[in-house]
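Chemist: This is the structure, below, for whatever I ask next.
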Amino acid sequence: PVKTYALPVGVTLDRYIMRKQSDFSFATGELSQLLRDIALAGKIINREINRAGLIDVTGAYGANNVQGECQQKLDVIANIRFIRALKNGGEVCAIISEEDEEIIYTGNDHAKYVVAMDPLDGSSNIDVNVSIGTIFSIYRRVTPTGTRATIDDFMQGGRKQVAAGYILYGSSTMLVYTTGHGISGFTYDHSLGEFFLSHAEINSPVTGTIYSCNEGNYPMFPAAVRDYVDSCRQKNFMARYIGSLVADFHRNMIKGGIYLYPPTEKTPKGKLRLLYECFPLAFLAEQAGGRASDGFRDILDIEPTNLHQRTPLYIGARQLVEELLG
Ligand code: AHG
Ligand code: MN
Ligand code: MN
Ligand code: MN
């Protein structure tokens, strides 16, 4: 059965972060402030998304990003909003984003953290009012404070993340994050403008009966993945695929399932991006008791070499991922 969560008892995100500050290995308050800045950016993006059909922010922006994808207006808006919130917040010295080829410098060279982000995940769903998200991943910089951040700050590897999470703009808006001490989920109350704790200590079921992949690509999947998908069909698993990674991941984490984005001829290295999609979700998956693999290694053990590198992704309930890996 799907775990139910106790009704919110009025614990706001701010209060929760304050209480949990001692969880952070360096409890100086900067990481807490950074998480609050991210929540603020989430509220601002949420506002734009809610009014999307009314304020001419749907549709294509008219440019391509470094991935060769046609940027949507909301990709660009979310990117600008997020960068601005992190610049103004002052805790981040540099950012990498799906929407920018190079490192973005905030001007706060004395700040201790760097952030990798997918400002708007699920672009293809923007115009049709389907769930989308924002993904973030936070590292403590390795270069000395006071100097300019470098690519090394972003190439530390997934196990060095100090926090990671996402905002899901779904039937309700949620912020879910981990600092490596379990996962907490907050639901946004529009009328109060606050995130409230709604999902304390999220754990994924060990197994499940949901599989999520773009089955239109089935003929291009590697044979082992095709066999696995066949076995899911034989077991009458439920096929569920929204096409927004955040939403697909969130559902599977709560209900128990596996998400697959294998390499295909179109995208031989996989489609999803390691630093701002797969690392943060893999950190969450492990915290939830699940697993994340590229088919050979745990995602968190991949050594990054490039800001926008891609990887295949198999993520979700531990047993399901292990069955796939064989
Ligand atoms: P983004 O919108 O940030 O570029 O990410 C798109 C990703 C992810 O959200 C989704 O799960 C996946 O692309 C869907 O890919 P397909 O359309 O190939 O299934
Ligand atoms: Mn994109
Ligand atoms: Mn994405
Ligand atoms: Mn995106």
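FYI, nothing fancy with the structure tokens labels: chains A, B, ... in order, residues from 1 per chain, ligands from 1 as they appear.
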Can I get the residues close to ligand 1 as a PyMOL selection string, where close means within 6 Å and we count only C-alpha atoms and all ligand atoms?
Modeler: chain A and resi 118+120-123+214+243-245
Chemist: Report the residues of segment 147-234 of chain A whose backbone DSSP state falls under helix (DSSP H, G or I), written as a list in words.
Modeler: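 Checking each residue of segment 147-234 of chain A, the helix (DSSP H, G or I) ones are Ile151, Asp152, Asp153, Phe154, Gly158, Arg159, Lys160, Glu215, Gly216, Asn217, Tyr218, Pro219, Met220, Ala223, Ala224, Val225, Arg226, Asp227, Tyr228, Val229, Asp230, Ser231, Cys232, Arg233 and Gln234 of chain A.
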Chemist: Limited to C-alpha atoms, could you put the picked residues into a file as a CSV table (one decimal), in the first residue's frame?
Modeler:
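To be explicit, this is the file written out as result-v2.csv:
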```
chain,number,residue,atom,x,y,z
A,151,ILE,CA,34.7,24.1,-13.5
A,152,ASP,CA,36.3,22.0,-10.7
A,153,ASP,CA,33.6,23.2,-8.3
A,154,PHE,CA,31.1,21.5,-10.5
A,158,GLY,CA,27.4,13.3,-7.2
A,159,ARG,CA,28.5,12.0,-3.8
A,160,LYS,CA,29.8,15.4,-2.9
A,215,GLU,CA,7.9,3.4,-25.2
A,216,GLY,CA,7.8,5.0,-28.6
A,217,ASN,CA,11.6,4.5,-28.5
A,218,TYR,CA,11.2,0.8,-27.7
A,219,PRO,CA,12.7,-0.4,-31.0
A,220,MET,CA,15.8,1.6,-30.3
A,223,ALA,CA,18.1,-5.6,-26.0
A,224,ALA,CA,18.4,-6.0,-22.2
A,225,VAL,CA,16.1,-3.0,-21.7
A,226,ARG,CA,13.6,-4.3,-24.2
A,227,ASP,CA,13.6,-7.7,-22.4
A,228,TYR,CA,13.0,-5.9,-19.1
A,229,VAL,CA,10.1,-3.8,-20.6
A,230,ASP,CA,8.7,-7.1,-22.0
A,231,SER,CA,8.8,-8.6,-18.5
A,232,CYS,CA,7.0,-5.6,-17.1
A,233,ARG,CA,4.3,-6.1,-19.7
A,234,GLN,CA,4.1,-9.8,-18.9
```
Chemist: What's around Gly180 of chain A at 12 Å? Count only C-alpha atoms, leave out sequence neighbours fewer than 2 positions away in its own chain, and write the answer as an MDAnalysis selection string.
Modeler: chainID A and resid 20 23:25 138 158:165 177:178 182:184 201 280 282:289
Chemist: Out of A:Gly29, A:Pro119, A:Gly42, A:Gly53, which residue has the shortest atom-to-atom distance to ligand 4 when counting only C-alpha atoms and all ligand atoms?
Modeler: A:Pro119
Chemist: With distances taken over only C-alpha atoms, which residue among A:Ile315, A:Val114, A:Ile258, A:Ile96 lies nearest Tyr276 of chain A?
Modeler: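 Under the stated criterion, the closest residue is A:Ile96.
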Chemist: Which is closer to Asn46 of chain A than all the others in A:Lys87, A:Arg140, A:Tyr169, A:Lys73, using only C-alpha atoms?
Modeler: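 Residue with the minimum atom-to-atom distance to Asn46 of chain A: A:Tyr169.
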Chemist: Please identify all polymer residues within 10 Å of Val246 of chain A, counting only C-alpha atoms, omitting same-chain residues fewer than 2 positions from it, and present them as a PyMOL selection string.
Modeler: chain A and resi 120-122+131-135+165-170+242-244+248-252+277+281
Chemist: Please produce a file of those selected residues containing N, CA and C atoms, as a PDB file, in the first residue's frame.
Modeler:
```
ATOM      1  N   LEU A 120      13.610  24.535 -15.676  1.00  0.00           N
ATOM      2  CA  LEU A 120      12.267  24.098 -16.065  1.00  0.00           C
ATOM      3  C   LEU A 120      12.402  22.723 -16.697  1.00  0.00           C
ATOM      4  N   ASP A 121      11.922  21.726 -16.006  1.00  0.00           N
ATOM      5  CA  ASP A 121      12.016  20.357 -16.510  1.00  0.00           C
ATOM      6  C   ASP A 121      10.653  19.927 -17.051  1.00  0.00           C
ATOM      7  N   GLY A 122      10.674  19.373 -18.242  1.00  0.00           N
ATOM      8  CA  GLY A 122       9.429  18.910 -18.858  1.00  0.00           C
ATOM      9  C   GLY A 122       8.869  19.935 -19.820  1.00  0.00           C
ATOM     10  N   SER A 131       2.089  18.648 -15.525  1.00  0.00           N
ATOM     11  CA  SER A 131       3.110  18.883 -14.500  1.00  0.00           C
ATOM     12  C   SER A 131       4.507  19.119 -15.070  1.00  0.00           C
ATOM     13  N   ILE A 132       5.182  20.092 -14.523  1.00  0.00           N
ATOM     14  CA  ILE A 132       6.572  20.376 -14.859  1.00  0.00           C
ATOM     15  C   ILE A 132       7.352  20.600 -13.559  1.00  0.00           C
ATOM     16  N   GLY A 133       8.639  20.847 -13.645  1.00  0.00           N
ATOM     17  CA  GLY A 133       9.414  20.949 -12.405  1.00  0.00           C
ATOM     18  C   GLY A 133      10.650  21.814 -12.540  1.00  0.00           C
ATOM     19  N   THR A 134      11.363  21.923 -11.432  1.00  0.00           N
ATOM     20  CA  THR A 134      12.678  22.563 -11.368  1.00  0.00           C
ATOM     21  C   THR A 134      13.559  21.605 -10.565  1.00  0.00           C
ATOM     22  N   ILE A 135      14.791  21.379 -11.029  1.00  0.00           N
ATOM     23  CA  ILE A 135      15.689  20.472 -10.285  1.00  0.00           C
ATOM     24  C   ILE A 135      16.925  21.259  -9.868  1.00  0.00           C
ATOM     25  N   GLY A 165      17.372  18.647  -4.726  1.00  0.00           N
ATOM     26  CA  GLY A 165      15.919  18.509  -4.652  1.00  0.00           C
ATOM     27  C   GLY A 165      15.238  19.009  -5.897  1.00  0.00           C
ATOM     28  N   TYR A 166      13.931  19.116  -5.789  1.00  0.00           N
ATOM     29  CA  TYR A 166      13.154  19.617  -6.924  1.00  0.00           C
ATOM     30  C   TYR A 166      11.913  20.331  -6.429  1.00  0.00           C
ATOM     31  N   ILE A 167      11.384  21.122  -7.334  1.00  0.00           N
ATOM     32  CA  ILE A 167      10.073  21.703  -7.125  1.00  0.00           C
ATOM     33  C   ILE A 167       9.196  21.108  -8.212  1.00  0.00           C
ATOM     34  N   LEU A 168       8.059  20.596  -7.820  1.00  0.00           N
ATOM     35  CA  LEU A 168       7.126  19.986  -8.773  1.00  0.00           C
ATOM     36  C   LEU A 168       5.901  20.881  -8.861  1.00  0.00           C
ATOM     37  N   TYR A 169       5.671  21.427 -10.056  1.00  0.00           N
ATOM     38  CA  TYR A 169       4.485  22.247 -10.277  1.00  0.00           C
ATOM     39  C   TYR A 169       3.426  21.308 -10.823  1.00  0.00           C
ATOM     40  N   GLY A 170       2.737  20.651  -9.930  1.00  0.00           N
ATOM     41  CA  GLY A 170       1.766  19.625 -10.316  1.00  0.00           C
ATOM     42  C   GLY A 170       0.375  20.054  -9.896  1.00  0.00           C
ATOM     43  N   ILE A 242       4.806  10.574 -17.875  1.00  0.00           N
ATOM     44  CA  ILE A 242       4.308  11.933 -18.049  1.00  0.00           C
ATOM     45  C   ILE A 242       5.149  12.675 -19.082  1.00  0.00           C
ATOM     46  N   GLY A 243       6.468  12.393 -19.075  1.00  0.00           N
ATOM     47  CA  GLY A 243       7.365  13.114 -19.969  1.00  0.00           C
ATOM     48  C   GLY A 243       7.992  14.313 -19.295  1.00  0.00           C
ATOM     49  N   SER A 244       7.744  14.436 -17.982  1.00  0.00           N
ATOM     50  CA  SER A 244       8.489  15.393 -17.144  1.00  0.00           C
ATOM     51  C   SER A 244       9.201  14.534 -16.115  1.00  0.00           C
ATOM     52  N   ASP A 248       7.566  12.195 -13.133  1.00  0.00           N
ATOM     53  CA  ASP A 248       7.662  10.733 -13.210  1.00  0.00           C
ATOM     54  C   ASP A 248       8.449  10.177 -12.020  1.00  0.00           C
ATOM     55  N   PHE A 249       9.522  10.880 -11.661  1.00  0.00           N
ATOM     56  CA  PHE A 249      10.335  10.430 -10.531  1.00  0.00           C
ATOM     57  C   PHE A 249       9.537  10.516  -9.229  1.00  0.00           C
ATOM     58  N   HIS A 250       8.855  11.623  -9.047  1.00  0.00           N
ATOM     59  CA  HIS A 250       8.116  11.848  -7.804  1.00  0.00           C
ATOM     60  C   HIS A 250       7.037  10.767  -7.607  1.00  0.00           C
ATOM     61  N   ARG A 251       6.275  10.521  -8.659  1.00  0.00           N
ATOM     62  CA  ARG A 251       5.232   9.487  -8.561  1.00  0.00           C
ATOM     63  C   ARG A 251       5.848   8.139  -8.210  1.00  0.00           C
ATOM     64  N   ASN A 252       6.912   7.780  -8.909  1.00  0.00           N
ATOM     65  CA  ASN A 252       7.505   6.467  -8.658  1.00  0.00           C
ATOM     66  C   ASN A 252       8.110   6.372  -7.268  1.00  0.00           C
ATOM     67  N   GLU A 277      20.191  16.907 -13.752  1.00  0.00           N
ATOM     68  CA  GLU A 277      18.998  16.062 -13.714  1.00  0.00           C
ATOM     69  C   GLU A 277      19.294  14.779 -12.929  1.00  0.00           C
ATOM     70  N   LEU A 281      18.588  13.708  -8.670  1.00  0.00           N
ATOM     71  CA  LEU A 281      17.537  12.705  -8.461  1.00  0.00           C
ATOM     72  C   LEU A 281      18.132  11.403  -7.929  1.00  0.00           C
TER      73      LEU A 281
END
```
Chemist: Just checking: using only C-alpha atoms, which residue out of A:Asn236, A:Ser293, A:Gln309, A:Asn203 ends up closest to Glu323 of chain A?
Modeler: A:Ser293
Chemist: Report the distance between atom CA of Arg291 of chain A and atom CA of Gly208 of chain A in Å, rounded to one decimal place.
Modeler: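 Here the two named atoms are 13.1 Å from each other.
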Chemist: Extract the full set of strand (DSSP E) residues from segment 41-110 of chain A according to DSSP on the backbone, and format it as a list in words.
Modeler: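 DSSP-assigned strand (DSSP E) residues in segment 41-110 of chain A: Ala60, Tyr61, Gly62, Ala63, Asn64, Cys70, Gln71, Gln72, Val92, Cys93, Ala94, Ile95, Ile96, Ser97, Ile104 and Tyr105 of chain A.
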Chemist: Dump C-alpha atoms for the selected residues as a compact mmCIF listing (two decimals), in the first residue's frame?
Modeler:
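What landed in out35.txt:
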```txt
# COMPACT_ATOMS: atom_id res chain seq x y z
CA ALA A 60 8.77 28.74 -28.25
CA TYR A 61 11.22 31.48 -27.35
CA GLY A 62 12.87 31.42 -30.77
CA ALA A 63 16.36 30.20 -29.85
CA ASN A 64 18.11 26.91 -29.26
CA CYS A 70 14.28 24.67 -29.01
CA GLN A 71 13.93 26.77 -25.85
CA GLN A 72 10.43 27.49 -24.62
CA VAL A 92 26.07 31.15 -4.37
CA CYS A 93 29.21 32.10 -6.28
CA ALA A 94 28.44 30.29 -9.54
CA ILE A 95 25.64 28.44 -11.28
CA ILE A 96 25.37 26.05 -14.15
CA SER A 97 22.08 25.70 -15.95
CA ILE A 104 27.17 31.82 -14.72
CA TYR A 105 29.00 34.00 -12.21
```
Chemist: So what do you get for atom CA of Thr207 of chain A versus atom CA of Gly316 of chain A, distance-wise?
Modeler: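 The value is 8.6 Å.
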Chemist: Between A:Ser191, A:Thr173, A:Asn125, A:Thr143, which residue has the minimum interatomic distance to ligand 2, considering only C-alpha atoms and all ligand atoms?
Modeler: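 Distance minimum relative to ligand 2 lands on A:Asn125.
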Chemist: Compare A:Phe296, A:Phe221, A:Phe136, A:Tyr259 by their minimum atom-to-atom distance to ligand 4, counting only C-alpha atoms and all ligand atoms, and give me the closest one.
Modeler: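 The closest residue to ligand 4 is A:Phe136.
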